[in-house]
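Reproduced below: work-v1.pdb, with PDB, C-alpha atoms.
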ATOM      1  CA  MET A   1       6.180  -1.953   8.319  1.00  0.00           C
ATOM      2  CA  ASP A   2       8.822  -3.880   6.418  1.00  0.00           C
ATOM      3  CA  TYR A   3       8.583  -2.662   2.819  1.00  0.00           C
ATOM      4  CA  ASN A   4      11.229  -5.135   1.640  1.00  0.00           C
ATOM      5  CA  SER A   5       8.632  -7.903   1.639  1.00  0.00           C
ATOM      6  CA  PHE A   6       6.556  -5.841  -0.812  1.00  0.00           C
ATOM      7  CA  THR A   7       9.294  -4.483  -3.056  1.00  0.00           C
ATOM      8  CA  SER A   8      10.757  -7.928  -3.669  1.00  0.00           C
ATOM      9  CA  LEU A   9       7.510  -9.342  -5.098  1.00  0.00           C
ATOM     10  CA  ARG A  10       7.669 -10.488  -8.711  1.00  0.00           C
ATOM     11  CA  ALA A  11       4.797 -11.213 -11.099  1.00  0.00           C
ATOM     12  CA  LYS A  12       5.544 -14.825 -12.069  1.00  0.00           C
ATOM     13  CA  GLU A  13       7.347 -16.128  -8.954  1.00  0.00           C
ATOM     14  CA  GLY A  14       5.789 -18.733  -6.710  1.00  0.00           C
ATOM     15  CA  GLU A  15       2.956 -21.198  -6.932  1.00  0.00           C
ATOM     16  CA  VAL A  16      -0.346 -20.054  -8.480  1.00  0.00           C
ATOM     17  CA  LEU A  17      -3.197 -19.740  -5.960  1.00  0.00           C
ATOM     18  CA  ASN A  18      -6.020 -22.288  -6.107  1.00  0.00           C
ATOM     19  CA  ASP A  19      -8.654 -19.575  -5.556  1.00  0.00           C
ATOM     20  CA  PRO A  20      -7.495 -16.210  -6.952  1.00  0.00           C
ATOM     21  CA  THR A  21     -10.836 -14.567  -6.028  1.00  0.00           C
ATOM     22  CA  TYR A  22      -9.878 -14.866  -2.345  1.00  0.00           C
ATOM     23  CA  TYR A  23      -6.789 -12.737  -2.970  1.00  0.00           C
ATOM     24  CA  GLY A  24      -8.812 -10.206  -4.947  1.00  0.00           C
ATOM     25  CA  LYS A  25     -11.403  -9.817  -2.190  1.00  0.00           C
ATOM     26  CA  LEU A  26      -8.705  -9.468   0.469  1.00  0.00           C
ATOM     27  CA  VAL A  27      -6.773  -6.791  -1.426  1.00  0.00           C
ATOM     28  CA  GLY A  28     -10.033  -4.996  -2.264  1.00  0.00           C
ATOM     29  CA  LYS A  29     -10.931  -4.776   1.417  1.00  0.00           C
ATOM     30  CA  VAL A  30      -7.561  -3.429   2.511  1.00  0.00           C
ATOM     31  CA  ASN A  31      -7.648  -1.000  -0.436  1.00  0.00           C
ATOM     32  CA  PHE A  32     -10.691   0.595   1.189  1.00  0.00           C
ATOM     33  CA  LEU A  33      -8.620   1.175   4.342  1.00  0.00           C
ATOM     34  CA  THR A  34      -6.170   3.390   2.452  1.00  0.00           C
ATOM     35  CA  ASN A  35      -8.756   6.177   2.733  1.00  0.00           C
ATOM     36  CA  THR A  36      -7.847   6.530   6.408  1.00  0.00           C
ATOM     37  CA  ARG A  37      -4.555   4.645   6.715  1.00  0.00           C
ATOM     38  CA  LEU A  38      -1.849   6.472   4.773  1.00  0.00           C
ATOM     39  CA  ASP A  39       0.792   4.103   6.118  1.00  0.00           C
ATOM     40  CA  ILE A  40      -0.466   1.186   4.016  1.00  0.00           C
ATOM     41  CA  ALA A  41      -1.062   2.985   0.691  1.00  0.00           C
ATOM     42  CA  TYR A  42       2.219   1.878  -0.884  1.00  0.00           C
ATOM     43  CA  SER A  43       1.829  -1.739   0.231  1.00  0.00           C
ATOM     44  CA  VAL A  44      -1.753  -1.995  -1.026  1.00  0.00           C
ATOM     45  CA  GLN A  45      -0.821  -0.474  -4.366  1.00  0.00           C
ATOM     46  CA  ASN A  46       1.994  -2.980  -4.673  1.00  0.00           C
ATOM     47  CA  LEU A  47      -0.317  -5.908  -3.859  1.00  0.00           C
ATOM     48  CA  SER A  48      -2.977  -4.612  -6.287  1.00  0.00           C
ATOM     49  CA  GLN A  49      -0.729  -5.010  -9.320  1.00  0.00           C
ATOM     50  CA  PHE A  50      -0.887  -8.816  -8.964  1.00  0.00           C
ATOM     51  CA  MET A  51      -4.698  -9.129  -9.099  1.00  0.00           C
ATOM     52  CA  ASP A  52      -4.672 -10.820 -12.519  1.00  0.00           C
ATOM     53  CA  ASP A  53      -2.386 -13.693 -11.535  1.00  0.00           C
ATOM     54  CA  PRO A  54      -1.884 -13.852  -7.740  1.00  0.00           C
ATOM     55  CA  ARG A  55       0.687 -16.274  -6.365  1.00  0.00           C
ATOM     56  CA  GLN A  56       1.651 -17.642  -2.943  1.00  0.00           C
ATOM     57  CA  PRO A  57       4.250 -14.920  -2.183  1.00  0.00           C
ATOM     58  CA  HIS A  58       1.626 -12.251  -2.946  1.00  0.00           C
ATOM     59  CA  LEU A  59      -0.845 -13.830  -0.525  1.00  0.00           C
ATOM     60  CA  LYS A  60       1.894 -14.158   2.086  1.00  0.00           C
ATOM     61  CA  ALA A  61       2.641 -10.422   1.740  1.00  0.00           C
ATOM     62  CA  ALA A  62      -1.093  -9.641   2.067  1.00  0.00           C
ATOM     63  CA  PHE A  63      -1.213 -11.648   5.308  1.00  0.00           C
ATOM     64  CA  HIS A  64       1.862  -9.735   6.493  1.00  0.00           C
ATOM     65  CA  LEU A  65      -0.081  -6.506   5.909  1.00  0.00           C
ATOM     66  CA  LEU A  66      -3.050  -7.863   7.892  1.00  0.00           C
ATOM     67  CA  ARG A  67      -0.764  -8.710  10.814  1.00  0.00           C
ATOM     68  CA  TYR A  68       0.592  -5.171  10.689  1.00  0.00           C
ATOM     69  CA  LEU A  69      -2.955  -3.747  10.780  1.00  0.00           C
ATOM     70  CA  LYS A  70      -3.886  -6.026  13.658  1.00  0.00           C
ATOM     71  CA  GLY A  71      -0.833  -4.825  15.607  1.00  0.00           C
ATOM     72  CA  ASP A  72      -2.267  -1.327  16.088  1.00  0.00           C
ATOM     73  CA  PRO A  73      -5.841  -0.835  14.867  1.00  0.00           C
ATOM     74  CA  THR A  74      -5.957   2.697  16.317  1.00  0.00           C
ATOM     75  CA  LEU A  75      -3.574   4.171  13.745  1.00  0.00           C
ATOM     76  CA  GLY A  76      -5.188   6.331  11.123  1.00  0.00           C
ATOM     77  CA  ILE A  77      -5.596   9.934  10.076  1.00  0.00           C
ATOM     78  CA  PHE A  78      -5.119  12.352  12.952  1.00  0.00           C
ATOM     79  CA  LEU A  79      -6.818  15.692  12.481  1.00  0.00           C
ATOM     80  CA  SER A  80      -5.153  18.156  14.792  1.00  0.00           C
ATOM     81  CA  LYS A  81      -7.004  21.083  16.353  1.00  0.00           C
ATOM     82  CA  ASP A  82      -3.877  23.252  16.307  1.00  0.00           C
ATOM     83  CA  ALA A  83      -4.155  26.749  14.876  1.00  0.00           C
ATOM     84  CA  ASP A  84      -1.239  25.990  12.537  1.00  0.00           C
ATOM     85  CA  TYR A  85      -2.536  26.593   9.014  1.00  0.00           C
ATOM     86  CA  ALA A  86       0.769  26.226   7.186  1.00  0.00           C
ATOM     87  CA  ILE A  87       0.468  24.153   4.035  1.00  0.00           C
ATOM     88  CA  LYS A  88       3.260  21.641   3.469  1.00  0.00           C
ATOM     89  CA  ALA A  89       3.584  19.294   0.522  1.00  0.00           C
ATOM     90  CA  TYR A  90       5.885  16.328  -0.023  1.00  0.00           C
ATOM     91  CA  CYS A  91       6.446  14.244  -3.108  1.00  0.00           C
ATOM     92  CA  ASP A  92       8.694  11.407  -4.113  1.00  0.00           C
ATOM     93  CA  SER A  93       9.251   9.107  -7.052  1.00  0.00           C
ATOM     94  CA  ASP A  94      11.085   5.886  -7.706  1.00  0.00           C
ATOM     95  CA  TRP A  95      12.066   5.811 -11.357  1.00  0.00           C
ATOM     96  CA  ALA A  96      11.624   2.467 -13.169  1.00  0.00           C
ATOM     97  CA  ALA A  97      11.668   0.547  -9.885  1.00  0.00           C
ATOM     98  CA  CYS A  98       9.174  -2.179 -10.821  1.00  0.00           C
ATOM     99  CA  PRO A  99      11.278  -5.172 -11.926  1.00  0.00           C
ATOM    100  CA  ASP A 100       8.455  -6.570 -14.095  1.00  0.00           C
ATOM    101  CA  SER A 101       7.163  -3.511 -15.961  1.00  0.00           C
ATOM    102  CA  ARG A 102      10.028  -1.006 -15.390  1.00  0.00           C
ATOM    103  CA  LYS A 103       7.372   1.593 -14.537  1.00  0.00           C
ATOM    104  CA  SER A 104       7.903   4.322 -11.983  1.00  0.00           C
ATOM    105  CA  MET A 105       6.170   4.887  -8.651  1.00  0.00           C
ATOM    106  CA  SER A 106       5.296   8.377  -7.507  1.00  0.00           C
ATOM    107  CA  GLY A 107       3.321   9.895  -4.702  1.00  0.00           C
ATOM    108  CA  TYR A 108       2.517  13.066  -2.838  1.00  0.00           C
ATOM    109  CA  LEU A 109       1.164  14.194   0.518  1.00  0.00           C
ATOM    110  CA  VAL A 110      -0.294  17.614   1.356  1.00  0.00           C
ATOM    111  CA  LEU A 111      -0.586  18.662   4.995  1.00  0.00           C
ATOM    112  CA  LEU A 112      -2.548  21.525   6.558  1.00  0.00           C
ATOM    113  CA  GLY A 113      -0.613  22.059   9.747  1.00  0.00           C
ATOM    114  CA  SER A 114       0.009  18.470  10.842  1.00  0.00           C
ATOM    115  CA  SER A 115      -3.201  17.056   9.317  1.00  0.00           C
ATOM    116  CA  PRO A 116      -3.208  15.312   5.928  1.00  0.00           C
ATOM    117  CA  VAL A 117      -5.682  16.795   3.453  1.00  0.00           C
ATOM    118  CA  SER A 118      -4.629  15.146   0.181  1.00  0.00           C
ATOM    119  CA  TRP A 119      -2.431  12.231  -0.860  1.00  0.00           C
ATOM    120  CA  LYS A 120      -1.890   9.858  -3.728  1.00  0.00           C
ATOM    121  CA  SER A 121       0.388   7.025  -4.727  1.00  0.00           C
ATOM    122  CA  LYS A 122       0.552   5.946  -8.360  1.00  0.00           C
ATOM    123  CA  LYS A 123       2.472   3.540 -10.561  1.00  0.00           C
TER
END

Spit out the file's structure as structure tokens when you get a sec.
Amino acid sequence: MDYNSFTSLRAKEGEVLNDPTYYGKLVGKVNFLTNTRLDIAYSVQNLSQFMDDPRQPHLKAAFHLLRYLKGDPTLGIFLSKDADYAIKAYCDSDWAACPDSRKSMSGYLVLLGSSPVSWKSKK
């Protein structure tokens, strides 16, 4: 997935949507998918911050995400049956990366063997 289309979104750029509830419903539905699709968590979080005043570029990015999901609907959480019980954890942060609020993004992922057991992305 091309994250550049999501990181370049700004709050007040572009034309205001005629029906902002459409954007809200769309982002709400893909937000539910983040329970099983770790690969879209960052993109959905980024789209969610524009729920108050969605614009055309935000909707275009949401459609880009839908095309990505349509490309391979079989992706999701893979729970391995390996006997590997090693716990691995990863975390990352992007300090003051949001150009509008100057807030940071952070996230973590905990794996049991090769299976994800806990994850979070937060602004």

Mind giving me the straight-line distance from CA of Phe32 in chain A to CA of Arg10 in chain A in Å, one decimal? 23.6 Å

Pairwise distance for CA of Lys12 in chain A and CA of Asn31 in chain A, rounded to one decimal in Å: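 Interatomic distance here is 22.4 Å.
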
Between CA of Thr34 in chain A and CA of Ala83 in chain A - distance in Å to one decimal: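 A separation of 26.5 Å between them.
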
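Using only C-alpha atoms, the protein and nucleic acid residues lying no more than 9 Å from Val30 in chain A, apart from those fewer than 3 places from it along its own chain, are Lys25, Leu26, Val27, Leu33, Thr34, Ile40, Val44, Ala62, Leu65 and Leu66 of chain A.
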
Find the residue from A:Asn18, A:Thr36, A:Ser93, A:Ser8 that sits nearest to Lys123 in chain A; use all atoms listed in the file when measuring.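 Selected residue with least distance to Lys123 in chain A: A:Ser93.
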